[in-house]
Amino acid sequence: MRGSNVLLNCIAESDRGAPVIKWKKDAVFLNLAVDERRQQLANGSLLIQNIVHSRHHKPDEGVYQCEASLEGIGAIISRTAKVMVAAHGKPTWTRLCYAALRSAALPVAVYEGNVFSFGAGVVG
């Protein structure tokens with residue numbers, strides 16, 4: 001719903017240090033330093049505030065992924081989460097989460113005020 005917030009979680013753990021988390025939208029890294037409405041929280045989650053959505057302007061809709069990297073070791077990218085604004089009376093946000101061990105998409109309906117998490121692991 002316009003004006004609402006959405007939170008995308010990214011969980012990455014390693015026994016070789018704390019991974020660096022970066023976010024992509026539609027396969028392009030987000031420049032969060034100049035984005036007033038999107039911010040990466042200390043735990044790596046992406047918070048999108050004050051959702052913008054109109055008939056011809058949908059900047060928050062898209063395919064999101066988090067990337068976790070360890071310097072000198074490599075990086076791993078999460079499966080995709082597709083964010084779409086739904087009509088009134090339906091789930092506020094619908095995300096398609098591709099489960100790591102499954103080849104088919106798993107649709108998940110998330111209602112306003114709830115949180116949906118997807119994770120990325122770093123092995124090394």
# chains A, B, ... in the order shown; residues from 1 in each chain; ligands from 1

call {"tool": "residues_around", "arguments": {"residues": "segment 48-55 of chain A", "least_positions_apart": "3", "cutoff": "12 Å", "atoms": "only C-alpha atoms", "output": "JSON, numbers by chain"}}
result
{"A": [1, 2, 3, 4, 5, 6, 7, 8, 9, 23, 25, 30, 32, 35, 36, 37, 38, 39, 40, 41, 45, 58, 59, 60, 61, 62, 64, 83, 84, 85, 86, 87, 92, 93, 112]}

call {"tool": "write_last_selection", "arguments": {"atoms": "C-alpha atoms", "output": "short mmCIF file (atom, residue, chain, number, x, y, z; two decimals), in the first residue's frame"}}
result
data_model
loop_
_atom_site.label_atom_id
_atom_site.label_comp_id
_atom_site.auth_asym_id
_atom_site.auth_seq_id
_atom_site.Cartn_x
_atom_site.Cartn_y
_atom_site.Cartn_z
CA MET A 1 0.00 0.00 0.00
CA ARG A 2 1.31 3.46 -0.81
CA GLY A 3 3.03 5.08 2.13
CA SER A 4 3.70 1.77 3.90
CA ASN A 5 7.08 0.29 4.73
CA VAL A 6 8.54 -3.04 3.67
CA LEU A 7 11.41 -4.99 5.22
CA LEU A 8 13.49 -7.55 3.31
CA ASN A 9 15.78 -9.63 5.50
CA TRP A 23 21.33 -5.26 -2.27
CA LYS A 25 17.03 -4.41 -7.51
CA LEU A 30 21.26 -0.14 -5.10
CA LEU A 32 21.72 3.39 -0.72
CA ASP A 35 18.44 6.97 -1.48
CA GLU A 36 16.23 8.75 1.04
CA ARG A 37 13.61 6.00 1.32
CA ARG A 38 15.72 2.83 1.20
CA GLN A 39 18.26 1.94 3.84
CA GLN A 40 20.25 -1.10 4.85
CA LEU A 41 19.95 -1.84 8.54
CA SER A 45 18.02 -6.12 6.12
CA LYS A 58 6.30 2.05 -9.57
CA PRO A 59 9.89 2.53 -8.39
CA ASP A 60 9.64 0.08 -5.48
CA GLU A 61 8.30 -2.85 -7.48
CA GLY A 62 10.89 -5.24 -8.84
CA TYR A 64 15.36 -7.87 -5.12
CA VAL A 83 7.96 -7.18 -4.76
CA MET A 84 4.64 -6.03 -6.25
CA VAL A 85 2.02 -3.65 -4.91
CA ALA A 86 -1.39 -5.34 -4.71
CA ALA A 87 -4.86 -3.80 -4.98
CA THR A 92 -0.32 -5.60 0.47
CA TRP A 93 2.89 -7.17 -0.83
CA GLU A 112 0.87 -5.20 5.73
#

call {"tool": "select_by_dssp", "arguments": {"residues": "segment 30-69 of chain A", "states": "strand (DSSP E)", "output": "PyMOL selection string"}}
result
chain A and resi 38-40+46-48+62-69

call {"tool": "residues_around", "arguments": {"residues": "Ala68 of chain A", "least_positions_apart": "4", "cutoff": "7 Å", "atoms": "only C-alpha atoms", "output": "PyMOL selection string"}}
result
chain A and resi 12+19-22+75-77+122

call {"tool": "atom_distance", "arguments": {"atom1": "atom CA of Val63 of chain A", "atom2": "atom CA of Ala42 of chain A"}}
result
21.9 Å

call {"tool": "atom_distance", "arguments": {"atom1": "atom CA of Ala81 of chain A", "atom2": "atom CA of Asn43 of chain A"}}
result
18.2 Å

call {"tool": "closest_residue", "arguments": {"among": "A:Ser78, A:Glu13, A:Leu46, A:Gly72", "to": "Ala27 of chain A", "atoms": "only C-alpha atoms"}}
result
A:Ser78

call {"tool": "decode", "arguments": {"residues": "segment 5-34 of chain A", "atoms": "N, CA, C and O atoms", "output": "tab-separated table (two decimals), in the first residue's frame"}}
result
chain	number	residue	atom	x	y	z
A	5	ASN	N	5.68	0.71	4.73
A	5	ASN	CA	7.08	0.29	4.73
A	5	ASN	C	7.16	-1.19	4.43
A	5	ASN	O	6.23	-1.94	4.69
A	6	VAL	N	8.30	-1.62	3.90
A	6	VAL	CA	8.54	-3.04	3.67
A	6	VAL	C	9.95	-3.36	4.15
A	6	VAL	O	10.85	-2.52	4.06
A	7	LEU	N	10.12	-4.57	4.70
A	7	LEU	CA	11.41	-4.99	5.22
A	7	LEU	C	11.78	-6.31	4.56
A	7	LEU	O	11.03	-7.27	4.62
A	8	LEU	N	12.95	-6.34	3.91
A	8	LEU	CA	13.49	-7.55	3.31
A	8	LEU	C	14.71	-7.96	4.12
A	8	LEU	O	15.66	-7.18	4.25
A	9	ASN	N	14.67	-9.15	4.67
A	9	ASN	CA	15.78	-9.63	5.50
A	9	ASN	C	16.79	-10.41	4.68
A	9	ASN	O	16.42	-11.10	3.73
A	10	CYS	N	18.05	-10.30	5.05
A	10	CYS	CA	19.12	-11.07	4.43
A	10	CYS	C	19.97	-11.62	5.56
A	10	CYS	O	20.50	-10.85	6.36
A	11	ILE	N	20.06	-12.93	5.63
A	11	ILE	CA	20.83	-13.56	6.70
A	11	ILE	C	22.04	-14.25	6.08
A	11	ILE	O	21.89	-15.12	5.23
A	12	ALA	N	23.22	-13.84	6.49
A	12	ALA	CA	24.46	-14.44	5.99
A	12	ALA	C	25.40	-14.62	7.16
A	12	ALA	O	25.65	-13.68	7.91
A	13	GLU	N	25.91	-15.83	7.32
A	13	GLU	CA	26.81	-16.13	8.42
A	13	GLU	C	28.05	-16.84	7.90
A	13	GLU	O	27.97	-17.58	6.92
A	14	SER	N	29.17	-16.61	8.56
A	14	SER	CA	30.42	-17.27	8.19
A	14	SER	C	31.30	-17.38	9.42
A	14	SER	O	31.26	-16.52	10.30
A	15	ASP	N	32.11	-18.43	9.45
A	15	ASP	CA	33.08	-18.56	10.54
A	15	ASP	C	34.39	-17.85	10.21
A	15	ASP	O	35.35	-17.94	10.94
A	16	ARG	N	34.41	-17.12	9.09
A	16	ARG	CA	35.62	-16.40	8.66
A	16	ARG	C	35.43	-14.89	8.70
A	16	ARG	O	36.08	-14.16	7.96
A	17	GLY	N	34.51	-14.41	9.50
A	17	GLY	CA	34.27	-12.98	9.61
A	17	GLY	C	32.86	-12.62	9.17
A	17	GLY	O	32.11	-13.45	8.69
A	18	ALA	N	32.53	-11.37	9.37
A	18	ALA	CA	31.20	-10.88	9.01
A	18	ALA	C	31.13	-10.56	7.52
A	18	ALA	O	31.93	-9.77	7.02
A	19	PRO	N	30.19	-11.18	6.81
A	19	PRO	CA	30.05	-10.88	5.38
A	19	PRO	C	29.57	-9.45	5.15
A	19	PRO	O	28.87	-8.87	5.97
A	20	VAL	N	29.96	-8.89	4.02
A	20	VAL	CA	29.47	-7.58	3.59
A	20	VAL	C	28.20	-7.83	2.78
A	20	VAL	O	28.21	-8.63	1.84
A	21	ILE	N	27.12	-7.15	3.16
A	21	ILE	CA	25.83	-7.33	2.49
A	21	ILE	C	25.59	-6.15	1.56
A	21	ILE	O	25.76	-4.98	1.95
A	22	LYS	N	25.18	-6.44	0.33
A	22	LYS	CA	24.76	-5.43	-0.64
A	22	LYS	C	23.45	-5.89	-1.24
A	22	LYS	O	23.20	-7.09	-1.34
A	23	TRP	N	22.64	-4.95	-1.69
A	23	TRP	CA	21.33	-5.26	-2.27
A	23	TRP	C	21.26	-4.88	-3.73
A	23	TRP	O	21.79	-3.85	-4.14
A	24	LYS	N	20.58	-5.73	-4.52
A	24	LYS	CA	20.30	-5.46	-5.92
A	24	LYS	C	18.79	-5.35	-6.12
A	24	LYS	O	18.02	-6.03	-5.46
A	25	LYS	N	18.42	-4.49	-7.05
A	25	LYS	CA	17.03	-4.41	-7.51
A	25	LYS	C	17.09	-4.49	-9.03
A	25	LYS	O	17.80	-3.71	-9.67
A	26	ASP	N	16.39	-5.46	-9.58
A	26	ASP	CA	16.39	-5.68	-11.03
A	26	ASP	C	17.81	-5.82	-11.57
A	26	ASP	O	18.17	-5.22	-12.58
A	27	ALA	N	18.64	-6.59	-10.85
A	27	ALA	CA	20.01	-6.95	-11.24
A	27	ALA	C	21.01	-5.79	-11.16
A	27	ALA	O	22.14	-5.92	-11.63
A	28	VAL	N	20.64	-4.68	-10.56
A	28	VAL	CA	21.54	-3.52	-10.43
A	28	VAL	C	21.71	-3.22	-8.94
A	28	VAL	O	20.72	-3.14	-8.20
A	29	PHE	N	22.96	-3.06	-8.50
A	29	PHE	CA	23.19	-2.73	-7.11
A	29	PHE	C	22.53	-1.41	-6.75
A	29	PHE	O	22.61	-0.44	-7.51
A	30	LEU	N	21.88	-1.37	-5.59
A	30	LEU	CA	21.26	-0.14	-5.10
A	30	LEU	C	22.33	0.78	-4.53
A	30	LEU	O	23.22	0.34	-3.82
A	31	ASN	N	22.21	2.07	-4.83
A	31	ASN	CA	23.09	3.07	-4.24
A	31	ASN	C	22.35	3.66	-3.04
A	31	ASN	O	21.67	4.67	-3.15
A	32	LEU	N	22.49	3.00	-1.91
A	32	LEU	CA	21.72	3.39	-0.72
A	32	LEU	C	22.22	4.68	-0.09
A	32	LEU	O	21.50	5.29	0.69
A	33	ALA	N	23.41	5.11	-0.44
A	33	ALA	CA	23.96	6.35	0.13
A	33	ALA	C	23.17	7.58	-0.31
A	33	ALA	O	23.13	8.58	0.40
A	34	VAL	N	22.55	7.51	-1.49
A	34	VAL	CA	21.81	8.66	-2.01
A	34	VAL	C	20.30	8.41	-2.05
A	34	VAL	O	19.56	9.21	-2.60
